[in-house]
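target-v1.pdb, holding PDB, C-alpha atoms:
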ATOM      1  CA  MET K   1      14.569 129.900 218.719
ATOM      2  CA  ALA K   2      14.843 132.430 221.504
ATOM      3  CA  HIS K   3      16.433 131.494 224.786
ATOM      4  CA  THR K   4      15.384 133.163 228.015
ATOM      5  CA  VAL K   5      18.260 135.193 229.406
ATOM      6  CA  GLY K   6      19.097 134.373 232.998
ATOM      7  CA  GLU K   7      17.193 131.089 232.994
ATOM      8  CA  GLU K   8      18.808 128.539 235.270
ATOM      9  CA  ILE K   9      19.859 125.436 233.353
ATOM     10  CA  SER K  10      21.063 122.108 234.676
ATOM     11  CA  LEU K  11      24.171 121.441 232.614
ATOM     12  CA  SER K  12      25.140 117.948 231.555
ATOM     13  CA  SER K  13      27.300 118.631 228.536
ATOM     14  CA  VAL K  14      29.916 116.251 227.178
ATOM     15  CA  ASP K  15      32.691 118.413 228.627
ATOM     16  CA  ILE K  16      31.198 118.508 232.128
ATOM     17  CA  THR K  17      30.610 114.750 232.009
ATOM     18  CA  ILE K  18      34.215 114.085 230.969
ATOM     19  CA  GLN K  19      35.593 116.346 233.687
ATOM     20  CA  SER K  20      33.495 114.726 236.413
ATOM     21  CA  ILE K  21      34.528 111.227 235.310
ATOM     22  CA  LEU K  22      38.196 112.172 235.313
ATOM     23  CA  ARG K  23      37.881 113.618 238.825
ATOM     24  CA  GLY K  24      36.279 110.361 239.972
ATOM     25  CA  GLU K  25      33.018 112.100 240.919
ATOM     26  CA  ARG K  26      30.906 109.761 238.838
ATOM     27  CA  GLU K  27      31.102 106.425 237.065
ATOM     28  CA  SER K  28      31.321 106.396 233.307
ATOM     29  CA  SER K  29      28.441 104.908 231.364
ATOM     30  CA  ILE K  30      30.435 105.279 228.159
ATOM     31  CA  PRO K  31      31.870 101.981 226.832
ATOM     32  CA  GLY K  32      35.653 102.114 226.814
ATOM     33  CA  PHE K  33      35.749 105.228 229.011
ATOM     34  CA  PRO K  34      35.807 104.000 232.631
ATOM     35  CA  SER K  35      38.859 105.952 233.823
ATOM     36  CA  ARG K  36      41.518 108.464 232.815
ATOM     37  CA  SER K  37      43.876 105.673 231.805
ATOM     38  CA  LYS K  38      41.357 104.427 229.266
ATOM     39  CA  VAL K  39      40.168 107.758 227.831
ATOM     40  CA  CYS K  40      40.016 107.536 224.046
ATOM     41  CA  ASN K  41      41.859 110.871 223.887
ATOM     42  CA  PRO K  42      43.235 112.479 227.084
ATOM     43  CA  ARG K  43      43.153 115.891 225.370
ATOM     44  CA  LEU K  44      39.363 115.823 225.649
ATOM     45  CA  ALA K  45      39.903 117.061 229.189
ATOM     46  CA  ASP K  46      41.982 120.092 228.135
ATOM     47  CA  GLU K  47      40.563 123.565 228.725
ATOM     48  CA  PRO K  48      39.222 125.438 225.641
ATOM     49  CA  TRP K  49      42.009 128.044 225.732
ATOM     50  CA  THR K  50      44.581 125.254 225.412
ATOM     51  CA  PHE K  51      43.240 124.626 221.925
ATOM     52  CA  ASP K  52      42.892 128.338 221.150
ATOM     53  CA  SER K  53      46.607 128.874 221.773
ATOM     54  CA  MET K  54      47.596 126.185 219.273
ATOM     55  CA  PRO K  55      47.824 126.648 215.480
ATOM     56  CA  ALA K  56      44.379 126.248 213.948
ATOM     57  CA  SER K  57      43.791 123.175 211.803
ATOM     58  CA  TYR K  58      41.327 125.139 209.669
ATOM     59  CA  GLY K  59      39.775 128.558 209.572
ATOM     60  CA  PRO K  60      40.929 131.955 208.245
ATOM     61  CA  GLY K  61      44.517 131.674 207.119
ATOM     62  CA  ALA K  62      44.899 128.098 208.287
ATOM     63  CA  SER K  63      45.528 126.689 204.828
ATOM     64  CA  LEU K  64      47.235 127.835 201.632
ATOM     65  CA  GLU K  65      43.818 128.215 200.016
ATOM     66  CA  ASP K  66      42.436 130.413 202.823
ATOM     67  CA  HIS K  67      44.603 133.503 203.077
ATOM     68  CA  ILE K  68      44.291 136.017 205.892
ATOM     69  CA  PRO K  69      43.131 139.363 204.418
ATOM     70  CA  GLY K  70      45.167 142.428 205.281
ATOM     71  CA  GLY K  71      44.083 144.094 208.490
ATOM     72  CA  THR K  72      42.458 140.931 209.869
ATOM     73  CA  PRO K  73      42.323 141.015 213.695
ATOM     74  CA  ARG K  74      44.576 138.558 215.461
ATOM     75  CA  GLN K  75      43.290 136.218 218.145
ATOM     76  CA  GLY K  76      44.128 137.549 221.601
ATOM     77  CA  GLN K  77      44.995 135.474 224.636
ATOM     78  CA  ILE K  78      42.314 135.002 227.280
ATOM     79  CA  PRO K  79      43.509 136.941 230.363
ATOM     80  CA  GLN K  80      44.871 134.732 233.120
ATOM     81  CA  GLU K  81      42.280 135.948 235.624
ATOM     82  CA  TYR K  82      39.548 134.334 233.533
ATOM     83  CA  ARG K  83      41.499 131.097 233.174
ATOM     84  CA  ASP K  84      41.945 130.917 236.930
ATOM     85  CA  ALA K  85      38.353 131.836 237.784
ATOM     86  CA  SER K  86      35.970 129.132 238.960
ATOM     87  CA  PRO K  87      32.854 128.279 236.908
ATOM     88  CA  GLU K  88      30.783 130.056 239.549
ATOM     89  CA  GLU K  89      32.887 133.234 239.298
ATOM     90  CA  LEU K  90      32.731 133.195 235.502
ATOM     91  CA  ASP K  91      28.969 132.723 235.645
ATOM     92  CA  ARG K  92      28.618 135.693 238.008
ATOM     93  CA  ARG K  93      30.763 137.919 235.792
ATOM     94  CA  ILE K  94      28.980 136.948 232.578
ATOM     95  CA  ARG K  95      25.523 137.533 234.012
ATOM     96  CA  ALA K  96      26.616 140.861 235.489
ATOM     97  CA  ALA K  97      28.045 141.953 232.125
ATOM     98  CA  LYS K  98      24.878 140.937 230.280
ATOM     99  CA  LYS K  99      22.762 142.881 232.771
ATOM    100  CA  ALA K 100      24.962 145.974 232.483
ATOM    101  CA  LEU K 101      25.013 145.905 228.668
ATOM    102  CA  GLY K 102      21.305 145.153 228.302
ATOM    103  CA  THR K 103      20.146 145.525 224.695
ATOM    104  CA  ARG K 104      23.515 146.909 223.582
ATOM    105  CA  ALA K 105      24.848 143.363 223.123
ATOM    106  CA  VAL K 106      23.221 140.183 221.827
ATOM    107  CA  ILE K 107      24.711 136.674 221.923
ATOM    108  CA  MET K 108      24.014 134.214 219.108
ATOM    109  CA  GLY K 109      24.663 130.553 219.936
ATOM    110  CA  HIS K 110      24.804 127.844 217.288
ATOM    111  CA  PHE K 111      23.115 124.522 218.093
ATOM    112  CA  TYR K 112      26.419 122.678 218.402
ATOM    113  CA  GLN K 113      27.945 124.961 221.040
ATOM    114  CA  ARG K 114      28.612 123.595 224.519
ATOM    115  CA  ASP K 115      25.891 123.997 227.130
ATOM    116  CA  GLU K 116      28.291 126.240 229.034
ATOM    117  CA  VAL K 117      28.008 128.716 226.131
ATOM    118  CA  ILE K 118      24.387 128.168 225.142
ATOM    119  CA  GLN K 119      23.082 129.025 228.609
ATOM    120  CA  TYR K 120      24.030 132.671 227.982
ATOM    121  CA  ALA K 121      22.754 132.902 224.401
ATOM    122  CA  ASP K 122      19.906 135.248 223.538
ATOM    123  CA  PHE K 123      19.191 133.233 220.371
ATOM    124  CA  VAL K 124      19.889 129.570 219.608
ATOM    125  CA  GLY K 125      19.578 128.101 216.128
ATOM    126  CA  ASP K 126      21.352 127.062 212.961
ATOM    127  CA  SER K 127      23.480 129.476 210.951
ATOM    128  CA  PHE K 128      20.609 130.782 208.791
ATOM    129  CA  GLN K 129      18.291 131.296 211.778
ATOM    130  CA  LEU K 130      20.947 133.166 213.705
ATOM    131  CA  ALA K 131      21.893 135.386 210.770
ATOM    132  CA  GLN K 132      18.227 136.295 210.348
ATOM    133  CA  ALA K 133      17.866 136.902 214.084
ATOM    134  CA  THR K 134      20.506 139.625 213.942
ATOM    135  CA  ARG K 135      18.040 141.728 211.961
ATOM    136  CA  THR K 136      15.567 141.652 214.838
ATOM    137  CA  LYS K 137      18.052 143.478 217.098
ATOM    138  CA  PRO K 138      18.840 146.733 215.246
ATOM    139  CA  ASP K 139      19.759 148.510 218.489
ATOM    140  CA  ALA K 140      22.440 145.997 219.487
ATOM    141  CA  GLU K 141      25.878 147.584 219.140
ATOM    142  CA  ALA K 142      27.660 144.237 219.467
ATOM    143  CA  ILE K 143      26.530 140.933 217.949
ATOM    144  CA  ILE K 144      28.547 138.157 219.595
ATOM    145  CA  PHE K 145      28.371 135.169 217.250
ATOM    146  CA  CYS K 146      29.269 131.854 218.889
ATOM    147  CA  GLY K 147      29.801 129.855 215.709
ATOM    148  CA  VAL K 148      32.296 129.625 212.842
ATOM    149  CA  HIS K 149      33.689 132.459 210.752
ATOM    150  CA  PHE K 150      31.425 132.121 207.695
ATOM    151  CA  MET K 151      28.361 132.401 209.952
ATOM    152  CA  ALA K 152      29.707 135.571 211.543
ATOM    153  CA  GLU K 153      30.478 136.946 208.081
ATOM    154  CA  THR K 154      26.887 136.307 206.991
ATOM    155  CA  ALA K 155      25.561 138.044 210.104
ATOM    156  CA  ASP K 156      27.880 140.957 209.377
ATOM    157  CA  MET K 157      26.387 141.349 205.886
ATOM    158  CA  LEU K 158      22.888 141.515 207.381
ATOM    159  CA  SER K 159      23.788 143.805 210.273
ATOM    160  CA  GLY K 160      23.492 147.572 210.298
ATOM    161  CA  PRO K 161      26.337 150.075 209.858
ATOM    162  CA  ASN K 162      26.207 150.881 213.577
ATOM    163  CA  GLN K 163      26.734 147.248 214.589
ATOM    164  CA  SER K 164      29.865 145.158 215.097
ATOM    165  CA  VAL K 165      29.864 141.370 214.776
ATOM    166  CA  ILE K 166      32.285 139.692 217.170
ATOM    167  CA  LEU K 167      33.616 136.161 216.621
ATOM    168  CA  PRO K 168      35.053 135.006 219.977
ATOM    169  CA  ASN K 169      37.435 132.507 218.370
ATOM    170  CA  LEU K 170      38.860 133.781 215.086
ATOM    171  CA  ALA K 171      40.156 130.295 214.222
ATOM    172  CA  ALA K 172      36.668 128.765 214.392
ATOM    173  CA  GLY K 173      36.301 127.365 210.899
ATOM    174  CA  CYS K 174      34.127 124.821 209.117
ATOM    175  CA  SER K 175      35.912 121.881 207.520
ATOM    176  CA  MET K 176      32.928 121.310 205.199
ATOM    177  CA  ALA K 177      32.999 124.909 203.983
ATOM    178  CA  ASP K 178      36.760 124.675 203.450
ATOM    179  CA  MET K 179      36.193 121.715 201.124
ATOM    180  CA  ALA K 180      34.257 123.939 198.712
ATOM    181  CA  ASP K 181      37.130 125.171 196.527
ATOM    182  CA  ILE K 182      36.145 127.243 193.484
ATOM    183  CA  ASP K 183      36.816 124.485 190.933
ATOM    184  CA  SER K 184      34.623 121.946 192.767
ATOM    185  CA  VAL K 185      31.816 124.469 193.258
ATOM    186  CA  THR K 186      31.902 125.539 189.597
ATOM    187  CA  GLU K 187      31.829 121.920 188.395
ATOM    188  CA  CYS K 188      28.942 121.072 190.734
ATOM    189  CA  TRP K 189      27.027 124.157 189.613
ATOM    190  CA  GLU K 190      27.426 123.196 185.951
ATOM    191  CA  GLN K 191      26.150 119.689 186.690
ATOM    192  CA  LEU K 192      23.073 121.076 188.450
ATOM    193  CA  GLU K 193      22.320 123.326 185.467
ATOM    194  CA  GLU K 194      22.602 120.347 183.120
ATOM    195  CA  ILE K 195      20.091 118.401 185.221
ATOM    196  CA  TYR K 196      17.596 121.126 186.097
ATOM    197  CA  GLY K 197      18.156 123.692 183.356
ATOM    198  CA  THR K 198      18.451 127.451 183.719
ATOM    199  CA  ALA K 199      15.099 128.763 182.451
ATOM    200  CA  PRO K 200      12.971 130.552 185.083
ATOM    201  CA  ASP K 201       9.402 129.402 185.779
ATOM    202  CA  ALA K 202       6.235 131.479 185.480
ATOM    203  CA  ASP K 203       7.044 133.237 188.750
ATOM    204  CA  GLY K 204      10.557 134.129 187.598
ATOM    205  CA  ARG K 205      12.255 131.592 189.840
ATOM    206  CA  VAL K 206      15.215 129.645 188.477
ATOM    207  CA  PRO K 207      15.420 125.875 189.111
ATOM    208  CA  SER K 208      18.311 126.214 191.553
ATOM    209  CA  SER K 209      20.484 128.895 193.060
ATOM    210  CA  PRO K 210      23.792 128.907 194.954
TER     211      PRO K 210
END

Target format C-alpha cells, applied to this file:
Amino acid sequence: MAHTVGEEISLSSVDITIQSILRGERESSIPGFPSRSKVCNPRLADEPWTFDSMPASYGPGASLEDHIPGGTPRQGQIPQEYRDASPEELDRRIRAAKKALGTRAVIMGHFYQRDEVIQYADFVGDSFQLAQATRTKPDAEAIIFCGVHFMAETADMLSGPNQSVILPNLAAGCSMADMADIDSVTECWEQLEEIYGTAPDADGRVPSSP
C-alpha cells in the first residue's frame, strides 16, 4: 500500500497518548492507567534511543544461536542534537531530507511501526509486500527498511547491485523468527511431507514449500 509523501496526518499513536497522559494533558481512558503512579510499566514513557542503547533481548548476535557475522556493522548512537530536537524540528528536518534526496531514497514502513515513523514512509505493508515494493524502485540508492532484520535481509536479496538496504535499528529482531531453530524447522518440514506428500501435481507444483 503506497503512502502519500508529505501528507499531513493527525497522530494518535500509543506513544503519543502515553506521553500526553503522563504530562497531565489528557485523562486516561485506559483501565488501570490513570496517572504516572499507576502506569503498568513506567518504562513505556522512555524515549526510543533509551532502548537502543541497552543490550538487545533478541536480534543479530543477541543469543548464542544467532551469531554476529564478521564485518557486521555496529549500531551507532543517535547524535545528541537529534535527541534534543523537538518533534517539530525533527519533522522539518526529515521532510527537508526527503525532498532533497527525492527518488534516491525510499522508506519502507512495516504495519506495526509507530505513527511517528509511518507518516514518512513511502510504502506501508507487511514484510512480503514491502520486499516486493523494493523492486518497483530500481533507481533508489538507499532502501530504508523500518522493520526487523530478516525483512531487511529479504529486501536486500531482491534489491539491485547499485542499492543499499539500511536497517535503522540493527537490534530489531523477531522473537517468532528466533524460535525457528534448525532442528524444529526440519522436524516440522518432515511432518508436513508425511501429511501432504512430496509428489508434484500436473502443473509441477509441490504440495508445500518452505

Using the chain letters and numbering of this document, enumerate as a PDB file with C-alpha atoms, in the coordinates of the input the residues selected by the PyMOL selection byres ((chain K and resi 105) around 6).
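Dumped to expr.pdb:
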ATOM      1  CA  THR K 103      20.146 145.525 224.695  1.00  0.00           C
ATOM      2  CA  ARG K 104      23.515 146.909 223.582  1.00  0.00           C
ATOM      3  CA  VAL K 106      23.221 140.183 221.827  1.00  0.00           C
ATOM      4  CA  ALA K 140      22.440 145.997 219.487  1.00  0.00           C
ATOM      5  CA  GLU K 141      25.878 147.584 219.140  1.00  0.00           C
ATOM      6  CA  ALA K 142      27.660 144.237 219.467  1.00  0.00           C
ATOM      7  CA  ILE K 143      26.530 140.933 217.949  1.00  0.00           C
TER       8      ILE K 143
END

Point-to-point distance from atom CA of K:Leu192 to atom CA of K:Ala131, Å rounded to tenths |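 Result for atom CA of K:Leu192 versus atom CA of K:Ala131: 26.5 Å, one decimal.
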
So how far away is atom CA of K:Val148 from atom CA of K:Thr136, in Å?
->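 Taking atom CA of K:Thr136 and atom CA of K:Val148, their separation equals 20.7 Å.
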
Work out how far apart atom CA of K:Asp156 and atom CA of K:Ile182 are and give it in Å to one decimal.
-> 22.6 Å

Translate the PyMOL selection byres ((chain K and resi 150) around 10), as applied to the file shown, into an explicit residue set as JSON, numbers by chain.
-> {"K": [59, 60, 127, 147, 148, 149, 151, 152, 153, 154, 155, 156, 172, 173, 174, 177]}

Could you dump the residues just selected with C-alpha atoms as a PDB file, in the coordinates of the input?
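New file part_19.pdb:
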ATOM      1  CA  GLY K  59      39.775 128.558 209.572  1.00  0.00           C
ATOM      2  CA  PRO K  60      40.929 131.955 208.245  1.00  0.00           C
ATOM      3  CA  SER K 127      23.480 129.476 210.951  1.00  0.00           C
ATOM      4  CA  GLY K 147      29.801 129.855 215.709  1.00  0.00           C
ATOM      5  CA  VAL K 148      32.296 129.625 212.842  1.00  0.00           C
ATOM      6  CA  HIS K 149      33.689 132.459 210.752  1.00  0.00           C
ATOM      7  CA  MET K 151      28.361 132.401 209.952  1.00  0.00           C
ATOM      8  CA  ALA K 152      29.707 135.571 211.543  1.00  0.00           C
ATOM      9  CA  GLU K 153      30.478 136.946 208.081  1.00  0.00           C
ATOM     10  CA  THR K 154      26.887 136.307 206.991  1.00  0.00           C
ATOM     11  CA  ALA K 155      25.561 138.044 210.104  1.00  0.00           C
ATOM     12  CA  ASP K 156      27.880 140.957 209.377  1.00  0.00           C
ATOM     13  CA  ALA K 172      36.668 128.765 214.392  1.00  0.00           C
ATOM     14  CA  GLY K 173      36.301 127.365 210.899  1.00  0.00           C
ATOM     15  CA  CYS K 174      34.127 124.821 209.117  1.00  0.00           C
ATOM     16  CA  ALA K 177      32.999 124.909 203.983  1.00  0.00           C
TER      17      ALA K 177
END

If we count only C-alpha atoms and set the cut-off at 12 Å, which residues sit around K:Lys98, ignoring sequence neighbours fewer than 3 positions away in its own chain? Please answer as an mmCIF file with C-alpha atoms, keeping the file's coordinate frame.
data_model
loop_
_atom_site.group_PDB
_atom_site.id
_atom_site.type_symbol
_atom_site.label_atom_id
_atom_site.label_comp_id
_atom_site.auth_asym_id
_atom_site.auth_seq_id
_atom_site.Cartn_x
_atom_site.Cartn_y
_atom_site.Cartn_z
ATOM 1 C CA VAL K 5 18.260 135.193 229.406
ATOM 2 C CA GLY K 6 19.097 134.373 232.998
ATOM 3 C CA ASP K 91 28.969 132.723 235.645
ATOM 4 C CA ARG K 92 28.618 135.693 238.008
ATOM 5 C CA ARG K 93 30.763 137.919 235.792
ATOM 6 C CA ILE K 94 28.980 136.948 232.578
ATOM 7 C CA ARG K 95 25.523 137.533 234.012
ATOM 8 C CA LEU K 101 25.013 145.905 228.668
ATOM 9 C CA GLY K 102 21.305 145.153 228.302
ATOM 10 C CA THR K 103 20.146 145.525 224.695
ATOM 11 C CA ARG K 104 23.515 146.909 223.582
ATOM 12 C CA ALA K 105 24.848 143.363 223.123
ATOM 13 C CA VAL K 106 23.221 140.183 221.827
ATOM 14 C CA ILE K 107 24.711 136.674 221.923
ATOM 15 C CA TYR K 120 24.030 132.671 227.982
ATOM 16 C CA ALA K 121 22.754 132.902 224.401
ATOM 17 C CA ASP K 122 19.906 135.248 223.538
ATOM 18 C CA ALA K 142 27.660 144.237 219.467
ATOM 19 C CA ILE K 144 28.547 138.157 219.595
#

Please report, as lines of an AutoDock Vina configuration file, the centre and edge lengths in Å to one decimal of an axis-aligned box covering all listed atoms of stretch 117-124 of chain K with 5 Å per side.
center_x = 23.6
center_y = 131.7
center_z = 224.1
size_x = 18.8
size_y = 17.1
size_z = 19.0

Hey, what's within 12 Å of K:Ile195 if we count all atoms listed in the file and toss same-chain stuff fewer than 6 positions away? As a ChimeraX atom specification, please?
-> /K:188-189,207-208

Tell me which protein, DNA and RNA residues are within 8 Å of K:Gln75, counting all atoms listed in the file, leaving out same-chain ones fewer than 2 positions away, and put them as a VMD selection string.
-> chain K and resid 73 77 169 to 171

Kindly add N, CA and C atoms to the incomplete stretch 197-210 of chain K and provide the output as a tab-separated table (two decimals), in the coordinates of the input.
chain	number	residue	atom	x	y	z
K	197	GLY	N	18.33	122.60	184.29
K	197	GLY	CA	18.16	123.69	183.36
K	197	GLY	C	18.38	125.04	184.01
K	198	THR	N	18.22	126.09	183.22
K	198	THR	CA	18.45	127.45	183.72
K	198	THR	C	17.26	128.37	183.49
K	199	ALA	N	16.24	127.89	182.78
K	199	ALA	CA	15.10	128.76	182.45
K	199	ALA	C	14.23	129.01	183.68
K	200	PRO	N	13.85	130.25	183.94
K	200	PRO	CA	12.97	130.55	185.08
K	200	PRO	C	11.55	130.08	184.83
K	201	ASP	N	10.80	129.82	185.92
K	201	ASP	CA	9.40	129.40	185.78
K	201	ASP	C	8.50	130.62	185.63
K	202	ALA	N	7.20	130.40	185.70
K	202	ALA	CA	6.24	131.48	185.48
K	202	ALA	C	6.37	132.59	186.51
K	203	ASP	N	6.87	132.24	187.69
K	203	ASP	CA	7.04	133.24	188.75
K	203	ASP	C	8.41	133.89	188.72
K	204	GLY	N	9.23	133.53	187.71
K	204	GLY	CA	10.56	134.13	187.60
K	204	GLY	C	11.62	133.44	188.42
K	205	ARG	N	11.28	132.30	189.01
K	205	ARG	CA	12.26	131.59	189.84
K	205	ARG	C	13.05	130.61	189.00
K	206	VAL	N	14.36	130.60	189.21
K	206	VAL	CA	15.22	129.65	188.48
K	206	VAL	C	15.19	128.32	189.21
K	207	PRO	N	15.51	127.21	188.49
K	207	PRO	CA	15.42	125.88	189.11
K	207	PRO	C	16.28	125.70	190.35
K	208	SER	N	17.44	126.34	190.38
K	208	SER	CA	18.31	126.21	191.55
K	208	SER	C	19.17	127.47	191.64
K	209	SER	N	19.65	127.73	192.84
K	209	SER	CA	20.48	128.90	193.06
K	209	SER	C	21.55	128.57	194.09
K	210	PRO	N	22.70	129.23	194.03
K	210	PRO	CA	23.79	128.91	194.95
K	210	PRO	C	23.46	129.37	196.37
